[in-house]
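The structure file structure_6.cif is reproduced below (mmCIF, C-alpha atoms).
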```cif
data_my_file
#
loop_
_atom_site.group_PDB
_atom_site.id
_atom_site.type_symbol
_atom_site.label_atom_id
_atom_site.label_comp_id
_atom_site.auth_asym_id
_atom_site.auth_seq_id
_atom_site.Cartn_x
_atom_site.Cartn_y
_atom_site.Cartn_z
ATOM 1 C CA MET I 1 0.000 0.000 0.000
ATOM 2 C CA ARG I 2 1.144 3.554 -0.767
ATOM 3 C CA LEU I 3 -0.007 6.909 0.604
ATOM 4 C CA PHE I 4 -0.101 10.272 -1.164
ATOM 5 C CA GLN I 5 1.838 12.949 0.765
ATOM 6 C CA GLY I 6 1.473 10.864 3.923
ATOM 7 C CA ASP I 7 -2.319 11.110 3.868
ATOM 8 C CA PHE I 8 -3.966 7.944 5.195
ATOM 9 C CA ALA I 9 -7.176 8.990 3.409
ATOM 10 C CA GLN I 10 -5.373 8.789 0.058
ATOM 11 C CA GLU I 11 -4.046 5.249 -0.092
ATOM 12 C CA THR I 12 -3.453 2.970 -3.054
ATOM 13 C CA VAL I 13 -3.235 -0.800 -2.615
ATOM 14 C CA TYR I 14 -0.843 -2.476 -5.068
ATOM 15 C CA GLY I 15 -1.067 -6.007 -3.724
ATOM 16 C CA ASP I 16 -2.404 -8.046 -0.824
ATOM 17 C CA ASP I 17 0.664 -10.219 -0.155
ATOM 18 C CA PRO I 18 3.739 -8.374 1.185
ATOM 19 C CA LEU I 19 5.926 -11.479 0.865
ATOM 20 C CA GLU I 20 5.055 -11.894 -2.800
ATOM 21 C CA MET I 21 5.991 -8.251 -3.394
ATOM 22 C CA ALA I 22 9.254 -8.662 -1.493
ATOM 23 C CA LEU I 23 10.183 -11.661 -3.613
ATOM 24 C CA ARG I 24 9.341 -9.696 -6.743
ATOM 25 C CA TRP I 25 11.755 -6.866 -5.896
ATOM 26 C CA GLN I 26 14.465 -9.286 -4.813
ATOM 27 C CA SER I 27 14.184 -11.140 -8.130
ATOM 28 C CA GLN I 28 14.633 -7.856 -9.996
ATOM 29 C CA GLY I 29 17.879 -7.065 -8.217
ATOM 30 C CA ALA I 30 16.944 -5.092 -5.111
ATOM 31 C CA THR I 31 19.820 -4.925 -2.646
ATOM 32 C CA ARG I 32 17.699 -3.906 0.358
ATOM 33 C CA LEU I 33 13.996 -3.625 1.182
ATOM 34 C CA HIS I 34 12.502 -0.686 3.060
ATOM 35 C CA ILE I 35 9.346 -1.825 4.865
ATOM 36 C CA VAL I 36 6.942 0.568 6.570
ATOM 37 C CA ASP I 37 4.266 -0.727 8.915
ATOM 38 C CA LEU I 38 1.678 1.946 8.086
ATOM 39 C CA ASP I 39 -0.787 0.533 10.601
ATOM 40 C CA GLY I 40 1.942 0.754 13.212
ATOM 41 C CA ALA I 41 2.823 4.312 12.268
ATOM 42 C CA GLU I 42 -0.796 5.338 12.721
ATOM 43 C CA SER I 43 -1.406 3.424 15.963
ATOM 44 C CA GLY I 44 1.991 3.834 17.628
ATOM 45 C CA ASN I 45 2.670 0.094 17.866
ATOM 46 C CA PRO I 46 3.798 -2.347 15.147
ATOM 47 C CA GLN I 47 0.820 -4.218 13.705
ATOM 48 C CA ASN I 48 2.393 -6.374 11.001
ATOM 49 C CA SER I 49 5.140 -8.301 12.783
ATOM 50 C CA GLU I 50 4.062 -11.629 11.308
ATOM 51 C CA ALA I 51 4.344 -10.314 7.756
ATOM 52 C CA ILE I 52 7.769 -8.888 8.562
ATOM 53 C CA ARG I 53 8.878 -12.214 10.023
ATOM 54 C CA ARG I 54 7.765 -14.092 6.898
ATOM 55 C CA ILE I 55 9.658 -11.703 4.658
ATOM 56 C CA ALA I 56 12.830 -11.816 6.759
ATOM 57 C CA GLU I 57 12.806 -15.623 6.867
ATOM 58 C CA THR I 58 12.228 -16.019 3.135
ATOM 59 C CA ILE I 59 14.336 -13.462 1.308
ATOM 60 C CA PHE I 60 18.109 -13.168 1.522
ATOM 61 C CA ILE I 61 18.595 -9.425 1.067
ATOM 62 C CA PRO I 62 18.597 -7.198 4.180
ATOM 63 C CA ILE I 63 15.483 -5.361 5.284
ATOM 64 C CA GLU I 64 14.929 -2.195 7.251
ATOM 65 C CA VAL I 65 11.653 -1.659 9.085
ATOM 66 C CA GLY I 66 9.867 1.465 10.264
ATOM 67 C CA GLY I 67 6.443 2.381 11.572
ATOM 68 C CA GLY I 68 5.367 2.536 15.221
ATOM 69 C CA ILE I 69 8.772 1.659 16.681
ATOM 70 C CA ARG I 70 8.784 3.547 19.960
ATOM 71 C CA THR I 71 10.424 1.292 22.565
ATOM 72 C CA LEU I 72 13.700 -0.579 23.010
ATOM 73 C CA VAL I 73 11.708 -3.785 23.409
ATOM 74 C CA THR I 74 10.099 -3.302 20.003
ATOM 75 C CA MET I 75 13.486 -2.619 18.397
ATOM 76 C CA GLU I 76 14.944 -5.791 19.873
ATOM 77 C CA LYS I 77 11.931 -7.806 18.759
ATOM 78 C CA LEU I 78 12.183 -6.591 15.162
ATOM 79 C CA ILE I 79 15.916 -7.233 15.037
ATOM 80 C CA LYS I 80 15.315 -10.765 16.333
ATOM 81 C CA LEU I 81 12.654 -11.212 13.642
ATOM 82 C CA GLY I 82 15.333 -10.473 11.071
ATOM 83 C CA ALA I 83 15.368 -6.722 10.498
ATOM 84 C CA ASP I 84 18.851 -5.502 9.647
ATOM 85 C CA ARG I 85 17.904 -1.924 10.539
ATOM 86 C CA VAL I 86 15.062 -0.317 12.487
ATOM 87 C CA VAL I 87 13.886 3.152 11.572
ATOM 88 C CA LEU I 88 12.823 5.504 14.367
ATOM 89 C CA GLY I 89 10.574 8.487 13.776
ATOM 90 C CA THR I 90 8.265 9.805 16.472
ATOM 91 C CA ALA I 91 10.196 8.050 19.234
ATOM 92 C CA ALA I 92 13.351 9.932 18.310
ATOM 93 C CA VAL I 93 11.535 13.238 18.843
ATOM 94 C CA SER I 94 9.640 12.360 22.013
ATOM 95 C CA ASP I 95 12.335 10.348 23.814
ATOM 96 C CA PRO I 96 15.910 11.397 22.916
ATOM 97 C CA GLU I 97 17.405 9.449 25.815
ATOM 98 C CA MET I 98 15.895 6.256 24.435
ATOM 99 C CA VAL I 99 17.632 7.039 21.148
ATOM 100 C CA ARG I 100 20.946 7.335 22.978
ATOM 101 C CA GLU I 101 20.354 3.965 24.629
ATOM 102 C CA ALA I 102 19.257 2.404 21.341
ATOM 103 C CA CYS I 103 22.469 3.550 19.661
ATOM 104 C CA ARG I 104 24.477 2.028 22.503
ATOM 105 C CA ASN I 105 22.626 -1.280 22.334
ATOM 106 C CA PHE I 106 22.013 -1.716 18.619
ATOM 107 C CA ARG I 107 24.593 0.604 16.998
ATOM 108 C CA GLN I 108 24.419 0.526 13.199
ATOM 109 C CA ALA I 109 20.936 -1.008 13.264
ATOM 110 C CA ILE I 110 19.489 2.340 14.320
ATOM 111 C CA VAL I 111 18.297 4.737 11.634
ATOM 112 C CA VAL I 112 16.387 7.936 12.355
ATOM 113 C CA SER I 113 13.716 9.021 9.915
ATOM 114 C CA ILE I 114 13.478 12.761 9.391
ATOM 115 C CA ASP I 115 10.027 13.394 7.980
ATOM 116 C CA ALA I 116 9.646 17.034 7.040
ATOM 117 C CA ARG I 117 7.013 19.380 5.688
ATOM 118 C CA ASP I 118 8.271 22.821 4.564
ATOM 119 C CA GLY I 119 11.561 22.129 6.335
ATOM 120 C CA TYR I 120 9.998 21.344 9.718
ATOM 121 C CA LEU I 121 9.747 17.991 11.429
ATOM 122 C CA THR I 122 6.492 16.021 11.574
ATOM 123 C CA THR I 123 5.651 13.103 13.872
ATOM 124 C CA HIS I 124 3.011 10.442 14.598
ATOM 125 C CA GLY I 125 2.806 9.010 11.119
ATOM 126 C CA TRP I 126 3.172 12.461 9.504
ATOM 127 C CA THR I 127 -0.004 13.728 11.204
ATOM 128 C CA HIS I 128 1.542 16.149 13.750
ATOM 129 C CA ASN I 129 3.562 19.203 12.753
ATOM 130 C CA THR I 130 6.314 20.627 14.970
ATOM 131 C CA ASP I 131 8.272 23.895 15.118
ATOM 132 C CA LEU I 132 11.596 22.029 15.017
ATOM 133 C CA ARG I 133 13.712 22.471 11.913
ATOM 134 C CA ALA I 134 14.720 19.176 10.310
ATOM 135 C CA VAL I 135 18.405 20.131 10.111
ATOM 136 C CA ASP I 136 18.521 21.152 13.783
ATOM 137 C CA PHE I 137 16.874 17.890 14.781
ATOM 138 C CA ALA I 138 19.439 15.916 12.767
ATOM 139 C CA ARG I 139 22.292 17.613 14.612
ATOM 140 C CA MET I 140 20.652 16.685 17.916
ATOM 141 C CA MET I 141 20.455 13.067 16.816
ATOM 142 C CA VAL I 142 24.114 12.980 15.762
ATOM 143 C CA ALA I 143 25.024 14.132 19.278
ATOM 144 C CA LEU I 144 23.097 11.143 20.650
ATOM 145 C CA GLY I 145 24.982 8.656 18.485
ATOM 146 C CA VAL I 146 22.804 8.342 15.368
ATOM 147 C CA ARG I 147 24.893 7.605 12.287
ATOM 148 C CA ARG I 148 22.330 7.181 9.501
ATOM 149 C CA PHE I 149 19.179 9.020 8.441
ATOM 150 C CA VAL I 150 16.237 8.647 6.097
ATOM 151 C CA TYR I 151 14.975 12.009 4.865
ATOM 152 C CA THR I 152 11.423 12.256 3.526
ATOM 153 C CA ASP I 153 9.898 15.421 2.148
ATOM 154 C CA ILE I 154 6.236 14.654 2.809
ATOM 155 C CA SER I 155 5.006 17.130 0.197
ATOM 156 C CA ARG I 156 6.865 15.103 -2.458
ATOM 157 C CA ASP I 157 6.009 11.614 -1.187
ATOM 158 C CA GLY I 158 3.937 9.610 -3.651
ATOM 159 C CA THR I 159 3.719 12.524 -6.091
ATOM 160 C CA LEU I 160 6.162 11.383 -8.808
ATOM 161 C CA THR I 161 7.435 14.961 -9.076
ATOM 162 C CA GLU I 162 11.060 15.081 -7.915
ATOM 163 C CA PRO I 163 12.989 14.867 -4.645
ATOM 164 C CA ASN I 164 13.701 17.987 -2.618
ATOM 165 C CA PHE I 165 17.347 18.053 -3.662
ATOM 166 C CA LEU I 166 18.217 21.229 -1.738
ATOM 167 C CA SER I 167 16.888 19.980 1.603
ATOM 168 C CA ILE I 168 18.586 16.612 1.130
ATOM 169 C CA PHE I 169 21.905 18.276 0.338
ATOM 170 C CA GLU I 170 21.592 20.569 3.381
ATOM 171 C CA LEU I 171 21.026 17.544 5.617
ATOM 172 C CA ILE I 172 23.995 15.662 4.153
ATOM 173 C CA ASP I 173 26.187 18.732 4.483
ATOM 174 C CA SER I 174 25.153 19.458 8.070
ATOM 175 C CA THR I 175 25.457 15.917 9.473
ATOM 176 C CA ARG I 176 28.283 14.408 7.385
ATOM 177 C CA PHE I 177 26.645 11.016 7.903
ATOM 178 C CA PRO I 178 24.782 8.758 5.432
ATOM 179 C CA VAL I 179 21.411 10.073 4.289
ATOM 180 C CA ILE I 180 18.886 7.992 2.363
ATOM 181 C CA ALA I 181 16.532 10.127 0.301
ATOM 182 C CA SER I 182 12.811 9.454 0.100
ATOM 183 C CA GLY I 183 9.902 11.209 -1.560
ATOM 184 C CA GLY I 184 9.309 12.245 -5.151
ATOM 185 C CA VAL I 185 11.742 9.934 -6.977
ATOM 186 C CA ALA I 186 10.272 9.417 -10.445
ATOM 187 C CA SER I 187 13.143 8.831 -12.874
ATOM 188 C CA ALA I 188 16.639 7.488 -13.349
ATOM 189 C CA LEU I 189 17.858 11.095 -13.612
ATOM 190 C CA HIS I 190 16.591 11.808 -10.106
ATOM 191 C CA LEU I 191 18.646 8.909 -8.790
ATOM 192 C CA LYS I 192 21.750 10.108 -10.608
ATOM 193 C CA LEU I 193 21.324 13.584 -9.126
ATOM 194 C CA LEU I 194 20.824 12.187 -5.623
ATOM 195 C CA LYS I 195 24.045 10.230 -5.970
ATOM 196 C CA LYS I 196 25.787 13.371 -7.234
ATOM 197 C CA ILE I 197 24.838 15.416 -4.168
ATOM 198 C CA GLY I 198 26.020 12.652 -1.836
ATOM 199 C CA ALA I 199 22.935 10.666 -0.855
ATOM 200 C CA GLU I 200 23.850 7.162 0.298
ATOM 201 C CA GLY I 201 20.767 5.742 -1.347
ATOM 202 C CA ALA I 202 17.150 6.361 -2.248
ATOM 203 C CA ILE I 203 13.854 4.769 -1.339
ATOM 204 C CA VAL I 204 11.839 4.264 -4.494
ATOM 205 C CA GLY I 205 8.196 3.362 -4.022
ATOM 206 C CA LYS I 206 5.408 4.685 -6.193
ATOM 207 C CA ALA I 207 7.623 5.047 -9.270
ATOM 208 C CA LEU I 208 8.151 1.275 -9.220
ATOM 209 C CA TYR I 209 4.596 0.306 -8.365
ATOM 210 C CA ALA I 210 3.156 2.650 -10.989
ATOM 211 C CA ASP I 211 5.663 1.453 -13.624
ATOM 212 C CA ALA I 212 7.122 4.933 -14.084
ATOM 213 C CA LEU I 213 10.560 3.422 -13.476
ATOM 214 C CA SER I 214 11.782 -0.164 -13.505
ATOM 215 C CA LEU I 215 14.062 -1.484 -10.800
ATOM 216 C CA PRO I 216 16.755 -2.559 -13.310
ATOM 217 C CA GLN I 217 16.721 1.001 -14.724
ATOM 218 C CA ALA I 218 17.031 2.428 -11.232
ATOM 219 C CA LEU I 219 19.960 0.171 -10.342
ATOM 220 C CA GLN I 220 21.718 0.928 -13.626
ATOM 221 C CA ALA I 221 21.410 4.663 -12.971
ATOM 222 C CA VAL I 222 23.481 4.472 -9.795
ATOM 223 C CA GLU I 223 26.065 1.882 -10.827
ATOM 224 C CA GLY I 224 29.704 2.859 -10.998
#
```

Here is the file; what I need is its structure written in the form of structure tokens.
Amino acid sequence: MRLFQGDFAQETVYGDDPLEMALRWQSQGATRLHIVDLDGAESGNPQNSEAIRRIAETIFIPIEVGGGIRTLVTMEKLIKLGADRVVLGTAAVSDPEMVREACRNFRQAIVVSIDARDGYLTTHGWTHNTDLRAVDFARMMVALGVRRFVYTDISRDGTLTEPNFLSIFELIDSTRFPVIASGGVASALHLKLLKKIGAEGAIVGKALYADALSLPQALQAVEG
């Protein structure tokens, strides 16, 4: 399922079997899967652990999981289920000390998702706006031990327009740590430009599901 600009009222279902979809992307050359528990993001607690377990046990490429991860216990559970990385969003804003502890306990498995609208952080499944600038928040997270980020411009997510290249570059430049870009990727050129400005990677969703871009094309664009 995909949302449009993070709006749960504007969802598109592309398939009813997450494992089948995971196998599809693996067969086309995906090197990592980004899985979001949208039900968990909305409720505050993971709701699709069984589906995540099935995927982790079946495919051989690493997976990262986000959505409703707000306790150390949940992080440990997902890692034991097979998640290579866990992505923190709301929890990173509401409980910075937990983030510090998570980085101590799980190190490189911890990724913080910076979900922004007009440059300012949003939380609770993109439903709550804050007055905290995304770049300032990233610096706070670096001080706590975070070493990798996912940056999503909510206004671009699911739109097939283009990524917010300037905001992504500012985040890369200010943190000097890996940043994975998300939101608005619609072409191979977008991926080439993201690589050029220093993004570690990109999360491509709707462009693949809507056949605007094939996965082999995407991988070819960033080779070399």

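For Trp25 of chain I, the non-local neighbours within 10 Å, defined as residues at least 6 positions apart in the same chain or in other chains and counting only C-alpha atoms, are Thr31, Arg32, Leu33, Leu208, Leu215 and Pro216 of chain I.
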
Run through the PyMOL selection byres ((chain I and resi 19) around 9) on the given coordinates and return the selected residues as a ChimeraX atom specification.
/I:17-18,20-24,51-52,54-55,58-59

Which residues would end up in the selection if the PyMOL selection byres ((chain I and resi 93) around 12) were applied here, given that I need the answer as a PyMOL selection string?
chain I and resi 70+88-92+94-100+112-115+121-124+128-134+136-138+140-141+144

### Message
Taking all atoms listed in the file into account, name the residue in I:Asp153, I:Asp16, I:Glu223, I:Glu64 that is nearest to Gly183 of chain I.
### Response
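Using all atoms listed in the file, the shortest distance to Gly183 of chain I belongs to I:Asp153.
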
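Compared by their closest atoms to Ile35 of chain I, and using only C-alpha atoms, the residues I:Met75, I:Val87, I:Ala109, I:Ile61 rank with I:Val87 nearest.
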
Across I:Asp157, I:Val86, I:Glu76, I:Ala56, the smallest distance to Ala207 of chain I, with only C-alpha atoms counted, is shown by I:Asp157

Give me, please, the distance in Å between atom CA of Lys80 of chain I and atom CA of Ala143 of chain I, quoted to one decimal.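 Computing it gives 26.9 Å between the two atoms.
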
Given the point (6.6, 12.5, -5.7) in the coordinates of this file, which residues lie within 10 Å, counting only C-alpha atoms, and how would they look as a VMD selection string? chain I and resid 4 to 5 153 to 164 182 to 186 204 to 207

Matched chain/residue IDs from the PyMOL selection byres ((chain I and resi 48) around 12), as a CSV table (one decimal) with C-alpha atoms, keeping the file's coordinate frame:
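The new file out.csv reads:
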```csv
chain,number,residue,atom,x,y,z
I,17,ASP,CA,0.7,-10.2,-0.2
I,18,PRO,CA,3.7,-8.4,1.2
I,19,LEU,CA,5.9,-11.5,0.9
I,35,ILE,CA,9.3,-1.8,4.9
I,36,VAL,CA,6.9,0.6,6.6
I,37,ASP,CA,4.3,-0.7,8.9
I,38,LEU,CA,1.7,1.9,8.1
I,39,ASP,CA,-0.8,0.5,10.6
I,40,GLY,CA,1.9,0.8,13.2
I,41,ALA,CA,2.8,4.3,12.3
I,43,SER,CA,-1.4,3.4,16.0
I,45,ASN,CA,2.7,0.1,17.9
I,46,PRO,CA,3.8,-2.3,15.1
I,47,GLN,CA,0.8,-4.2,13.7
I,49,SER,CA,5.1,-8.3,12.8
I,50,GLU,CA,4.1,-11.6,11.3
I,51,ALA,CA,4.3,-10.3,7.8
I,52,ILE,CA,7.8,-8.9,8.6
I,53,ARG,CA,8.9,-12.2,10.0
I,54,ARG,CA,7.8,-14.1,6.9
I,55,ILE,CA,9.7,-11.7,4.7
I,65,VAL,CA,11.7,-1.7,9.1
I,66,GLY,CA,9.9,1.5,10.3
I,67,GLY,CA,6.4,2.4,11.6
I,68,GLY,CA,5.4,2.5,15.2
I,69,ILE,CA,8.8,1.7,16.7
I,78,LEU,CA,12.2,-6.6,15.2
I,81,LEU,CA,12.7,-11.2,13.6
```

If we count all atoms listed in the file and set the cut-off at 10 Å, which residues sit around Gly198 of chain I, ignoring sequence neighbours fewer than 2 positions away in its own chain? Please answer as a PyMOL selection string. chain I and resi 168-169+172-173+176-180+193-196+200-201

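Candidate residues I:Val150, I:Leu72, I:Ala30, I:Ile63 were compared for distance to Gln217 of chain I, and the nearest is I:Ala30, using only C-alpha atoms.
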
With distances taken over all atoms listed in the file, the candidate from I:Ala188, I:Ala116, I:Ala102, I:Ile203 nearest Leu171 of chain I is I:Ala116

Item checked: Nearest-residue call for Phe106 of chain I, choices I:Asp84, I:Gly119, I:Thr127, I:His34, using all atoms listed in the file ->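 Result for the nearest residue to Phe106 of chain I: I:Asp84.
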
- Item | One-decimal distance in Å that lies between atom CA of Val111 of chain I and atom CA of Arg148 of chain I |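 Here the two named atoms are 5.2 Å from each other.
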
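Here atom CA of Arg147 of chain I and atom CA of Leu219 of chain I stand 24.3 Å from one another.
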
Report as AutoDock Vina command-line options the centre and the edge lengths, in Å to one decimal, of the axis-aligned box holding every listed atom of segment 136-154 of chain I, padded by 6 Å on each side.
```
--center_x 15.6 --center_y 14.2 --center_z 11.4 --size_x 30.8 --size_y 26.0 --size_z 30.5
```

Filtering to N, CA, C and O atoms, could segment 101-119 of chain I of the supplied structure be written out as a PDB file, in the first residue's frame?
```
ATOM      1  N   GLU I 101      20.229   5.342  24.162  1.00  0.00           N
ATOM      2  CA  GLU I 101      20.354   3.965  24.629  1.00  0.00           C
ATOM      3  C   GLU I 101      20.268   2.984  23.454  1.00  0.00           C
ATOM      4  O   GLU I 101      20.988   1.983  23.414  1.00  0.00           O
ATOM      5  N   ALA I 102      19.389   3.273  22.510  1.00  0.00           N
ATOM      6  CA  ALA I 102      19.257   2.404  21.341  1.00  0.00           C
ATOM      7  C   ALA I 102      20.548   2.364  20.545  1.00  0.00           C
ATOM      8  O   ALA I 102      20.969   1.299  20.074  1.00  0.00           O
ATOM      9  N   CYS I 103      21.198   3.506  20.392  1.00  0.00           N
ATOM     10  CA  CYS I 103      22.469   3.550  19.661  1.00  0.00           C
ATOM     11  C   CYS I 103      23.550   2.770  20.400  1.00  0.00           C
ATOM     12  O   CYS I 103      24.405   2.144  19.768  1.00  0.00           O
ATOM     13  N   ARG I 104      23.508   2.810  21.712  1.00  0.00           N
ATOM     14  CA  ARG I 104      24.477   2.028  22.503  1.00  0.00           C
ATOM     15  C   ARG I 104      24.238   0.530  22.336  1.00  0.00           C
ATOM     16  O   ARG I 104      25.167  -0.258  22.197  1.00  0.00           O
ATOM     17  N   ASN I 105      22.955   0.144  22.348  1.00  0.00           N
ATOM     18  CA  ASN I 105      22.626  -1.280  22.334  1.00  0.00           C
ATOM     19  C   ASN I 105      22.676  -1.895  20.945  1.00  0.00           C
ATOM     20  O   ASN I 105      23.104  -3.042  20.775  1.00  0.00           O
ATOM     21  N   PHE I 106      22.204  -1.132  19.945  1.00  0.00           N
ATOM     22  CA  PHE I 106      22.013  -1.716  18.619  1.00  0.00           C
ATOM     23  C   PHE I 106      22.870  -1.082  17.538  1.00  0.00           C
ATOM     24  O   PHE I 106      22.845  -1.518  16.384  1.00  0.00           O
ATOM     25  N   ARG I 107      23.582  -0.037  17.851  1.00  0.00           N
ATOM     26  CA  ARG I 107      24.593   0.604  16.998  1.00  0.00           C
ATOM     27  C   ARG I 107      24.091   0.873  15.589  1.00  0.00           C
ATOM     28  O   ARG I 107      23.177   1.638  15.378  1.00  0.00           O
ATOM     29  N   GLN I 108      24.708   0.221  14.599  1.00  0.00           N
ATOM     30  CA  GLN I 108      24.419   0.526  13.199  1.00  0.00           C
ATOM     31  C   GLN I 108      23.020   0.099  12.765  1.00  0.00           C
ATOM     32  O   GLN I 108      22.582   0.436  11.660  1.00  0.00           O
ATOM     33  N   ALA I 109      22.303  -0.623  13.614  1.00  0.00           N
ATOM     34  CA  ALA I 109      20.936  -1.008  13.264  1.00  0.00           C
ATOM     35  C   ALA I 109      19.961   0.158  13.395  1.00  0.00           C
ATOM     36  O   ALA I 109      18.854   0.098  12.877  1.00  0.00           O
ATOM     37  N   ILE I 110      20.383   1.222  14.058  1.00  0.00           N
ATOM     38  CA  ILE I 110      19.489   2.340  14.320  1.00  0.00           C
ATOM     39  C   ILE I 110      19.577   3.377  13.212  1.00  0.00           C
ATOM     40  O   ILE I 110      20.644   3.899  12.893  1.00  0.00           O
ATOM     41  N   VAL I 111      18.426   3.682  12.635  1.00  0.00           N
ATOM     42  CA  VAL I 111      18.297   4.737  11.634  1.00  0.00           C
ATOM     43  C   VAL I 111      17.199   5.681  12.110  1.00  0.00           C
ATOM     44  O   VAL I 111      16.164   5.229  12.598  1.00  0.00           O
ATOM     45  N   VAL I 112      17.428   6.971  11.986  1.00  0.00           N
ATOM     46  CA  VAL I 112      16.387   7.936  12.355  1.00  0.00           C
ATOM     47  C   VAL I 112      15.773   8.519  11.093  1.00  0.00           C
ATOM     48  O   VAL I 112      16.484   8.968  10.185  1.00  0.00           O
ATOM     49  N   SER I 113      14.463   8.480  11.048  1.00  0.00           N
ATOM     50  CA  SER I 113      13.716   9.021   9.915  1.00  0.00           C
ATOM     51  C   SER I 113      13.377  10.479  10.191  1.00  0.00           C
ATOM     52  O   SER I 113      12.742  10.793  11.203  1.00  0.00           O
ATOM     53  N   ILE I 114      13.807  11.342   9.296  1.00  0.00           N
ATOM     54  CA  ILE I 114      13.478  12.761   9.391  1.00  0.00           C
ATOM     55  C   ILE I 114      12.396  13.035   8.356  1.00  0.00           C
ATOM     56  O   ILE I 114      12.649  13.067   7.157  1.00  0.00           O
ATOM     57  N   ASP I 115      11.178  13.173   8.840  1.00  0.00           N
ATOM     58  CA  ASP I 115      10.027  13.394   7.980  1.00  0.00           C
ATOM     59  C   ASP I 115       9.651  14.865   8.086  1.00  0.00           C
ATOM     60  O   ASP I 115       9.272  15.341   9.169  1.00  0.00           O
ATOM     61  N   ALA I 116       9.776  15.581   6.983  1.00  0.00           N
ATOM     62  CA  ALA I 116       9.646  17.034   7.040  1.00  0.00           C
ATOM     63  C   ALA I 116       8.578  17.559   6.093  1.00  0.00           C
ATOM     64  O   ALA I 116       8.352  17.017   5.015  1.00  0.00           O
ATOM     65  N   ARG I 117       7.952  18.631   6.530  1.00  0.00           N
ATOM     66  CA  ARG I 117       7.013  19.380   5.688  1.00  0.00           C
ATOM     67  C   ARG I 117       7.433  20.846   5.771  1.00  0.00           C
ATOM     68  O   ARG I 117       7.477  21.431   6.855  1.00  0.00           O
ATOM     69  N   ASP I 118       7.790  21.431   4.621  1.00  0.00           N
ATOM     70  CA  ASP I 118       8.271  22.821   4.564  1.00  0.00           C
ATOM     71  C   ASP I 118       9.485  23.040   5.466  1.00  0.00           C
ATOM     72  O   ASP I 118       9.655  24.113   6.059  1.00  0.00           O
ATOM     73  N   GLY I 119      10.332  22.001   5.572  1.00  0.00           N
ATOM     74  CA  GLY I 119      11.561  22.129   6.335  1.00  0.00           C
ATOM     75  C   GLY I 119      11.444  21.848   7.817  1.00  0.00           C
ATOM     76  O   GLY I 119      12.443  21.857   8.537  1.00  0.00           O
TER      77      GLY I 119
END
```
